[in-house]
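S.K.: Here it is, the structure in full.
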Amino acid sequence: MNLDKKNSFKNKYLKKIILLFCYAIVVSVLVRYFWNIDWQKLFDIEVDMKILCSAVFFMLVIKFFYPTIWVFILKEFGQKINNYWELNFVYAKAWLGRYVPGKIAWIGGKIFFGSQQGLDVKILTFGSLLESIIQVTANLALGLFVISINDKGVLGPSLTFFSFASLILLLISISPPFFNRVVNISYKFLKKKDIDDKYKFRFGTLLKTCVMFLFVSIFLGVPFTLICKSVSPAFDIISNFFFIVGVSSLAGSIGILAVFAPSGLGVREGVLAVFFSALFPKEIVLVILILMRLVVTVVDLFFFLISKGILVIIKKRSISENLLHE
């Protein structure tokens, strides 16, 4: 009994140490990025704060759709969900892992924190991996489709080749026959037996998940166009909406594919700068890129804090109801 308590004590503090270590990396990456920004250039250009705040609000609302898609995939694998908001907070914590170079923390965080909620580790592993890959694939496909219709003359051959080559590889990797075969071979190598059929990935799940991510990516065009409008009052949202959707989707997916760039820092901005130069002067592009990164980071932190707040409120309400029943 004493040994069990000792192990439980060690595990409890090990989890806290891992969590604090991840947070420390995220903070250090963000501080290093924003420290080198020329803030004076940002302050010299007038920004419509009402429109900018609207962009923050819309992006924050959209952010809460991501854990819903992840939970949907887990359910498709047969995982029973007892507390959605626990998993919403798990996703919010793991989402900050995108700022850790290597992107492993983004996927691993969902698996690690989700396992603490008693979820099947195999389902968490397959579901979290697929959720991340399908998200990147859907964004890349949407971005390439929109930009191929109208790239405003700025889509270079090297970027085109990298994007289409990445898309082909991603499509192959999430193809259910290929994915299931790779998983089964890996499982058989480790466990000396075939994996259970309930862990098989299905075309129906792939199709539904892709559609959900495509809708989310299109809706993300709203806050991104609002950020552009807040800096450039003459910017026409209606005529440029789908161009911004395509550019932001393409840049976001390439940023994630740049494995060692924390949350795509620098890579994402580089792609956006190339395309935005067709719409805005260089000075305006610089301000838009800084604001976009700032808004995305602030929204990610709000997403984490609000998710935690919702969970605390639900737990307090649950405790109060139990006391009343007693």
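Chains: A, B, ... in order of the structure tokens. Residues: from 1 per chain. Ligands: from 1, in order shown.
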Quick one: everything within 12 Å of Gly204 in chain A, counting only C-alpha atoms, minus sequence neighbours fewer than 6 positions away in the same chain. Send it as a ChimeraX atom specification.
M.R.: /A:73,76-77,175-176,210-211
S.K.: Enumerate the residues of range 87-298 of chain A with a DSSP assignment of helix (DSSP H, G or I), computed from the backbone, and present them as a PDB file with C-alpha atoms, in the first residue's frame.
M.R.:
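The result, stored in result_36.pdb:
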```pdb
ATOM      1  CA  LEU A  87     -11.304  16.722 -23.389  1.00  0.00           C
ATOM      2  CA  ASN A  88     -11.807  20.283 -24.612  1.00  0.00           C
ATOM      3  CA  PHE A  89      -9.246  21.391 -22.003  1.00  0.00           C
ATOM      4  CA  VAL A  90      -6.966  18.493 -22.948  1.00  0.00           C
ATOM      5  CA  TYR A  91      -7.022  19.786 -26.519  1.00  0.00           C
ATOM      6  CA  ALA A  92      -6.433  23.379 -25.406  1.00  0.00           C
ATOM      7  CA  LYS A  93      -3.331  22.304 -23.450  1.00  0.00           C
ATOM      8  CA  ALA A  94      -2.059  20.208 -26.338  1.00  0.00           C
ATOM      9  CA  TRP A  95      -2.726  23.066 -28.784  1.00  0.00           C
ATOM     10  CA  LEU A  96      -0.057  25.128 -27.015  1.00  0.00           C
ATOM     11  CA  GLY A  97       2.309  22.276 -27.886  1.00  0.00           C
ATOM     12  CA  ARG A  98       2.316  23.639 -31.458  1.00  0.00           C
ATOM     13  CA  TYR A  99       4.734  26.268 -30.164  1.00  0.00           C
ATOM     14  CA  ILE A 104       5.493  16.224 -31.300  1.00  0.00           C
ATOM     15  CA  ALA A 105       4.050  17.987 -28.251  1.00  0.00           C
ATOM     16  CA  TRP A 106       0.961  18.985 -30.259  1.00  0.00           C
ATOM     17  CA  ILE A 107       0.077  15.355 -30.984  1.00  0.00           C
ATOM     18  CA  GLY A 108       1.709  13.831 -27.911  1.00  0.00           C
ATOM     19  CA  GLY A 109      -0.077  16.266 -25.608  1.00  0.00           C
ATOM     20  CA  LYS A 110      -3.484  14.997 -26.730  1.00  0.00           C
ATOM     21  CA  ILE A 111      -2.364  11.433 -26.119  1.00  0.00           C
ATOM     22  CA  PHE A 112      -0.656  12.120 -22.783  1.00  0.00           C
ATOM     23  CA  PHE A 113      -3.339  14.337 -21.238  1.00  0.00           C
ATOM     24  CA  GLY A 114      -6.162  12.298 -22.778  1.00  0.00           C
ATOM     25  CA  SER A 115      -4.816   9.113 -21.214  1.00  0.00           C
ATOM     26  CA  VAL A 121      -4.349   4.949 -25.506  1.00  0.00           C
ATOM     27  CA  LYS A 122      -4.497   3.222 -28.899  1.00  0.00           C
ATOM     28  CA  ILE A 123      -7.583   5.217 -29.900  1.00  0.00           C
ATOM     29  CA  LEU A 124      -5.950   8.401 -28.610  1.00  0.00           C
ATOM     30  CA  THR A 125      -2.819   7.683 -30.624  1.00  0.00           C
ATOM     31  CA  PHE A 126      -4.609   6.900 -33.898  1.00  0.00           C
ATOM     32  CA  GLY A 127      -7.230   9.639 -33.445  1.00  0.00           C
ATOM     33  CA  SER A 128      -4.748  12.365 -32.480  1.00  0.00           C
ATOM     34  CA  LEU A 129      -2.356  11.500 -35.287  1.00  0.00           C
ATOM     35  CA  LEU A 130      -5.142  11.402 -37.867  1.00  0.00           C
ATOM     36  CA  GLU A 131      -6.728  14.620 -36.595  1.00  0.00           C
ATOM     37  CA  SER A 132      -3.447  16.468 -37.069  1.00  0.00           C
ATOM     38  CA  ILE A 133      -2.666  14.984 -40.501  1.00  0.00           C
ATOM     39  CA  ILE A 134      -6.208  15.469 -41.851  1.00  0.00           C
ATOM     40  CA  GLN A 135      -6.207  19.060 -40.602  1.00  0.00           C
ATOM     41  CA  VAL A 136      -2.987  19.829 -42.486  1.00  0.00           C
ATOM     42  CA  THR A 137      -4.153  17.940 -45.589  1.00  0.00           C
ATOM     43  CA  ALA A 138      -7.534  19.714 -45.736  1.00  0.00           C
ATOM     44  CA  ASN A 139      -5.878  23.132 -45.320  1.00  0.00           C
ATOM     45  CA  LEU A 140      -3.251  22.387 -47.939  1.00  0.00           C
ATOM     46  CA  ALA A 141      -5.843  21.086 -50.423  1.00  0.00           C
ATOM     47  CA  LEU A 142      -8.099  24.118 -49.871  1.00  0.00           C
ATOM     48  CA  GLY A 143      -5.193  26.536 -50.153  1.00  0.00           C
ATOM     49  CA  LEU A 144      -3.869  24.991 -53.366  1.00  0.00           C
ATOM     50  CA  PHE A 145      -7.355  24.849 -54.900  1.00  0.00           C
ATOM     51  CA  VAL A 146      -8.098  28.527 -54.219  1.00  0.00           C
ATOM     52  CA  ILE A 147      -4.637  29.769 -55.162  1.00  0.00           C
ATOM     53  CA  SER A 148      -4.582  27.699 -58.369  1.00  0.00           C
ATOM     54  CA  ILE A 149      -7.706  29.596 -59.504  1.00  0.00           C
ATOM     55  CA  PRO A 157       7.443  27.064 -58.919  1.00  0.00           C
ATOM     56  CA  SER A 158       9.372  25.964 -55.797  1.00  0.00           C
ATOM     57  CA  LEU A 159       6.425  26.698 -53.495  1.00  0.00           C
ATOM     58  CA  THR A 160       4.054  24.984 -55.928  1.00  0.00           C
ATOM     59  CA  PHE A 161       6.217  21.858 -56.112  1.00  0.00           C
ATOM     60  CA  PHE A 162       6.648  21.658 -52.308  1.00  0.00           C
ATOM     61  CA  SER A 163       2.911  22.148 -51.709  1.00  0.00           C
ATOM     62  CA  PHE A 164       1.709  19.577 -54.255  1.00  0.00           C
ATOM     63  CA  ALA A 165       4.369  17.022 -53.264  1.00  0.00           C
ATOM     64  CA  SER A 166       3.375  17.423 -49.599  1.00  0.00           C
ATOM     65  CA  LEU A 167      -0.314  17.096 -50.463  1.00  0.00           C
ATOM     66  CA  ILE A 168       0.262  13.847 -52.375  1.00  0.00           C
ATOM     67  CA  LEU A 169       2.244  12.339 -49.496  1.00  0.00           C
ATOM     68  CA  LEU A 170      -0.368  13.432 -46.959  1.00  0.00           C
ATOM     69  CA  LEU A 171      -3.227  12.007 -49.035  1.00  0.00           C
ATOM     70  CA  ILE A 172      -1.415   8.686 -49.267  1.00  0.00           C
ATOM     71  CA  SER A 173      -0.721   8.635 -45.506  1.00  0.00           C
ATOM     72  CA  ILE A 174      -4.385   9.199 -44.541  1.00  0.00           C
ATOM     73  CA  PRO A 176      -7.571   4.182 -44.910  1.00  0.00           C
ATOM     74  CA  PRO A 177      -6.096   1.095 -46.669  1.00  0.00           C
ATOM     75  CA  PHE A 178      -2.552   2.492 -46.361  1.00  0.00           C
ATOM     76  CA  PHE A 179      -3.019   3.814 -42.817  1.00  0.00           C
ATOM     77  CA  ASN A 180      -4.623   0.586 -41.567  1.00  0.00           C
ATOM     78  CA  ARG A 181      -1.910  -1.543 -43.155  1.00  0.00           C
ATOM     79  CA  VAL A 182       0.912   0.504 -41.608  1.00  0.00           C
ATOM     80  CA  VAL A 183      -0.792   0.420 -38.190  1.00  0.00           C
ATOM     81  CA  ASN A 184      -1.397  -3.329 -38.398  1.00  0.00           C
ATOM     82  CA  ILE A 185       2.213  -4.067 -39.438  1.00  0.00           C
ATOM     83  CA  SER A 186       3.543  -1.893 -36.593  1.00  0.00           C
ATOM     84  CA  TYR A 187       1.192  -3.457 -34.059  1.00  0.00           C
ATOM     85  CA  LYS A 188       2.014  -6.977 -35.229  1.00  0.00           C
ATOM     86  CA  PHE A 189       5.728  -6.229 -34.915  1.00  0.00           C
ATOM     87  CA  LEU A 190       5.281  -4.995 -31.327  1.00  0.00           C
ATOM     88  CA  LYS A 191       2.525  -7.281 -30.041  1.00  0.00           C
ATOM     89  CA  ASP A 197     -10.958  -4.316 -36.240  1.00  0.00           C
ATOM     90  CA  LYS A 198     -12.423  -1.569 -34.023  1.00  0.00           C
ATOM     91  CA  TYR A 199      -9.167   0.368 -34.454  1.00  0.00           C
ATOM     92  CA  PHE A 203     -13.385   6.212 -45.469  1.00  0.00           C
ATOM     93  CA  GLY A 204     -16.562   7.630 -43.895  1.00  0.00           C
ATOM     94  CA  THR A 205     -14.580   9.048 -40.991  1.00  0.00           C
ATOM     95  CA  LEU A 206     -12.006  10.531 -43.381  1.00  0.00           C
ATOM     96  CA  LEU A 207     -14.648  12.204 -45.557  1.00  0.00           C
ATOM     97  CA  LYS A 208     -16.625  13.689 -42.634  1.00  0.00           C
ATOM     98  CA  THR A 209     -13.473  14.955 -40.910  1.00  0.00           C
ATOM     99  CA  CYS A 210     -12.149  16.575 -44.097  1.00  0.00           C
ATOM    100  CA  VAL A 211     -15.465  18.363 -44.654  1.00  0.00           C
ATOM    101  CA  MET A 212     -15.475  19.692 -41.076  1.00  0.00           C
ATOM    102  CA  PHE A 213     -11.921  21.006 -41.370  1.00  0.00           C
ATOM    103  CA  LEU A 214     -12.693  22.621 -44.737  1.00  0.00           C
ATOM    104  CA  PHE A 215     -15.620  24.507 -43.219  1.00  0.00           C
ATOM    105  CA  VAL A 216     -13.477  25.643 -40.276  1.00  0.00           C
ATOM    106  CA  SER A 217     -10.733  26.852 -42.648  1.00  0.00           C
ATOM    107  CA  ILE A 218     -13.257  28.825 -44.713  1.00  0.00           C
ATOM    108  CA  PHE A 219     -14.726  30.440 -41.581  1.00  0.00           C
ATOM    109  CA  GLY A 221     -11.159  33.697 -43.476  1.00  0.00           C
ATOM    110  CA  VAL A 222     -13.462  36.013 -41.508  1.00  0.00           C
ATOM    111  CA  PRO A 223     -10.993  36.982 -38.734  1.00  0.00           C
ATOM    112  CA  PHE A 224      -8.051  37.080 -41.156  1.00  0.00           C
ATOM    113  CA  THR A 225      -9.847  39.465 -43.548  1.00  0.00           C
ATOM    114  CA  LEU A 226     -10.958  41.583 -40.577  1.00  0.00           C
ATOM    115  CA  ILE A 227      -7.320  41.943 -39.481  1.00  0.00           C
ATOM    116  CA  CYS A 228      -6.444  43.149 -42.987  1.00  0.00           C
ATOM    117  CA  LYS A 229      -9.385  45.571 -42.902  1.00  0.00           C
ATOM    118  CA  SER A 230      -8.352  46.935 -39.490  1.00  0.00           C
ATOM    119  CA  VAL A 231      -5.003  48.052 -40.970  1.00  0.00           C
ATOM    120  CA  ILE A 237     -13.286  42.015 -47.934  1.00  0.00           C
ATOM    121  CA  ILE A 238     -15.884  40.613 -50.350  1.00  0.00           C
ATOM    122  CA  SER A 239     -13.724  40.460 -53.483  1.00  0.00           C
ATOM    123  CA  ASN A 240     -10.624  39.225 -51.634  1.00  0.00           C
ATOM    124  CA  PHE A 241     -12.236  36.877 -49.094  1.00  0.00           C
ATOM    125  CA  PHE A 242     -11.482  33.548 -50.805  1.00  0.00           C
ATOM    126  CA  PHE A 243      -7.988  34.679 -51.751  1.00  0.00           C
ATOM    127  CA  ILE A 244      -7.281  35.337 -48.052  1.00  0.00           C
ATOM    128  CA  VAL A 245      -8.862  31.957 -47.179  1.00  0.00           C
ATOM    129  CA  GLY A 246      -6.604  30.195 -49.679  1.00  0.00           C
ATOM    130  CA  VAL A 247      -3.451  32.050 -48.640  1.00  0.00           C
ATOM    131  CA  SER A 248      -4.035  31.571 -44.889  1.00  0.00           C
ATOM    132  CA  SER A 249      -4.849  27.860 -45.377  1.00  0.00           C
ATOM    133  CA  LEU A 250      -1.749  27.311 -47.510  1.00  0.00           C
ATOM    134  CA  ALA A 251       0.502  29.262 -45.134  1.00  0.00           C
ATOM    135  CA  GLY A 252      -0.886  27.492 -42.058  1.00  0.00           C
ATOM    136  CA  SER A 253      -0.369  24.020 -43.500  1.00  0.00           C
ATOM    137  CA  ILE A 254       3.161  24.805 -44.725  1.00  0.00           C
ATOM    138  CA  GLY A 255       3.929  26.268 -41.295  1.00  0.00           C
ATOM    139  CA  ILE A 256       2.936  22.975 -39.657  1.00  0.00           C
ATOM    140  CA  LEU A 257       4.889  20.972 -42.245  1.00  0.00           C
ATOM    141  CA  PRO A 262       7.409  26.473 -33.443  1.00  0.00           C
ATOM    142  CA  SER A 263       3.795  26.989 -34.575  1.00  0.00           C
ATOM    143  CA  GLY A 264       5.209  27.776 -38.019  1.00  0.00           C
ATOM    144  CA  VAL A 267       7.682  30.060 -42.221  1.00  0.00           C
ATOM    145  CA  ARG A 268       3.988  30.928 -42.083  1.00  0.00           C
ATOM    146  CA  GLU A 269       4.756  34.654 -42.160  1.00  0.00           C
ATOM    147  CA  GLY A 270       7.086  34.160 -45.124  1.00  0.00           C
ATOM    148  CA  VAL A 271       4.360  32.517 -47.227  1.00  0.00           C
ATOM    149  CA  LEU A 272       1.806  35.164 -46.218  1.00  0.00           C
ATOM    150  CA  ALA A 273       4.243  37.961 -47.074  1.00  0.00           C
ATOM    151  CA  VAL A 274       4.704  36.612 -50.621  1.00  0.00           C
ATOM    152  CA  PHE A 275       0.962  36.613 -51.358  1.00  0.00           C
ATOM    153  CA  PHE A 276      -0.020  39.711 -49.373  1.00  0.00           C
ATOM    154  CA  LYS A 282       5.303  46.339 -47.842  1.00  0.00           C
ATOM    155  CA  GLU A 283       4.812  48.501 -44.740  1.00  0.00           C
ATOM    156  CA  ILE A 284       1.167  47.428 -44.459  1.00  0.00           C
ATOM    157  CA  VAL A 285       2.119  43.773 -45.030  1.00  0.00           C
ATOM    158  CA  LEU A 286       4.575  43.959 -42.120  1.00  0.00           C
ATOM    159  CA  VAL A 287       1.925  45.343 -39.761  1.00  0.00           C
ATOM    160  CA  ILE A 288      -0.678  42.783 -40.893  1.00  0.00           C
ATOM    161  CA  LEU A 289       1.744  39.897 -40.325  1.00  0.00           C
ATOM    162  CA  ILE A 290       2.664  41.146 -36.843  1.00  0.00           C
ATOM    163  CA  LEU A 291      -1.004  41.608 -35.952  1.00  0.00           C
ATOM    164  CA  MET A 292      -1.947  38.184 -37.315  1.00  0.00           C
ATOM    165  CA  ARG A 293       0.740  36.466 -35.248  1.00  0.00           C
ATOM    166  CA  LEU A 294      -0.190  38.530 -32.191  1.00  0.00           C
ATOM    167  CA  VAL A 295      -3.920  37.780 -32.569  1.00  0.00           C
ATOM    168  CA  VAL A 296      -3.318  34.051 -33.144  1.00  0.00           C
ATOM    169  CA  THR A 297      -1.096  33.855 -30.047  1.00  0.00           C
ATOM    170  CA  VAL A 298      -3.514  35.837 -27.850  1.00  0.00           C
TER     171      VAL A 298
END
```
S.K.: Between A:Ser277, A:Thr68, A:Ser232, A:Gln116, which has the minimum distance to Glu46 in chain A (counting only C-alpha atoms)?
M.R.: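 Between A:Ser277, A:Thr68, A:Ser232, A:Gln116, the residue approaching Glu46 in chain A most closely is A:Ser232.
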S.K.: Fewer than 6 positions away in the same chain doesn't count, so skip those; otherwise give me all residues within 8 Å of Phe303 in chain A, counting only C-alpha atoms, as JSON, numbers by chain.
M.R.: {"A": [60, 63, 64, 92]}
S.K.: Output all heavy atoms of each residue in that selection to a file, as an mmCIF file, in the first residue's frame.
M.R.:
```
data_model
loop_
_atom_site.group_PDB
_atom_site.id
_atom_site.type_symbol
_atom_site.label_atom_id
_atom_site.label_comp_id
_atom_site.auth_asym_id
_atom_site.auth_seq_id
_atom_site.Cartn_x
_atom_site.Cartn_y
_atom_site.Cartn_z
ATOM 1 N N LEU A 60 -11.570 33.237 -31.812
ATOM 2 C CA LEU A 60 -11.726 32.486 -30.557
ATOM 3 C C LEU A 60 -12.904 31.524 -30.639
ATOM 4 O O LEU A 60 -12.807 30.367 -30.201
ATOM 5 C CB LEU A 60 -11.916 33.456 -29.390
ATOM 6 C CG LEU A 60 -12.024 32.845 -27.992
ATOM 7 C CD1 LEU A 60 -10.770 32.027 -27.655
ATOM 8 C CD2 LEU A 60 -12.230 33.932 -26.941
ATOM 9 N N LYS A 63 -11.972 28.580 -32.727
ATOM 10 C CA LYS A 63 -10.994 27.705 -32.072
ATOM 11 C C LYS A 63 -11.673 26.556 -31.322
ATOM 12 O O LYS A 63 -11.126 25.452 -31.239
ATOM 13 C CB LYS A 63 -10.145 28.527 -31.106
ATOM 14 C CG LYS A 63 -8.866 27.856 -30.651
ATOM 15 C CD LYS A 63 -7.844 27.813 -31.759
ATOM 16 C CE LYS A 63 -7.275 29.155 -32.092
ATOM 17 N NZ LYS A 63 -6.218 29.102 -33.125
ATOM 18 N N PHE A 64 -12.875 26.800 -30.806
ATOM 19 C CA PHE A 64 -13.571 25.775 -30.029
ATOM 20 C C PHE A 64 -14.166 24.669 -30.909
ATOM 21 O O PHE A 64 -14.672 23.678 -30.375
ATOM 22 C CB PHE A 64 -14.677 26.416 -29.172
ATOM 23 C CG PHE A 64 -14.157 27.019 -27.895
ATOM 24 C CD1 PHE A 64 -13.717 28.331 -27.859
ATOM 25 C CD2 PHE A 64 -14.081 26.266 -26.732
ATOM 26 C CE1 PHE A 64 -13.219 28.892 -26.693
ATOM 27 C CE2 PHE A 64 -13.584 26.813 -25.554
ATOM 28 C CZ PHE A 64 -13.150 28.129 -25.533
ATOM 29 N N ALA A 92 -6.963 22.020 -25.563
ATOM 30 C CA ALA A 92 -6.433 23.379 -25.406
ATOM 31 C C ALA A 92 -4.990 23.355 -24.894
ATOM 32 O O ALA A 92 -4.151 24.150 -25.337
ATOM 33 C CB ALA A 92 -7.318 24.176 -24.448
#
```
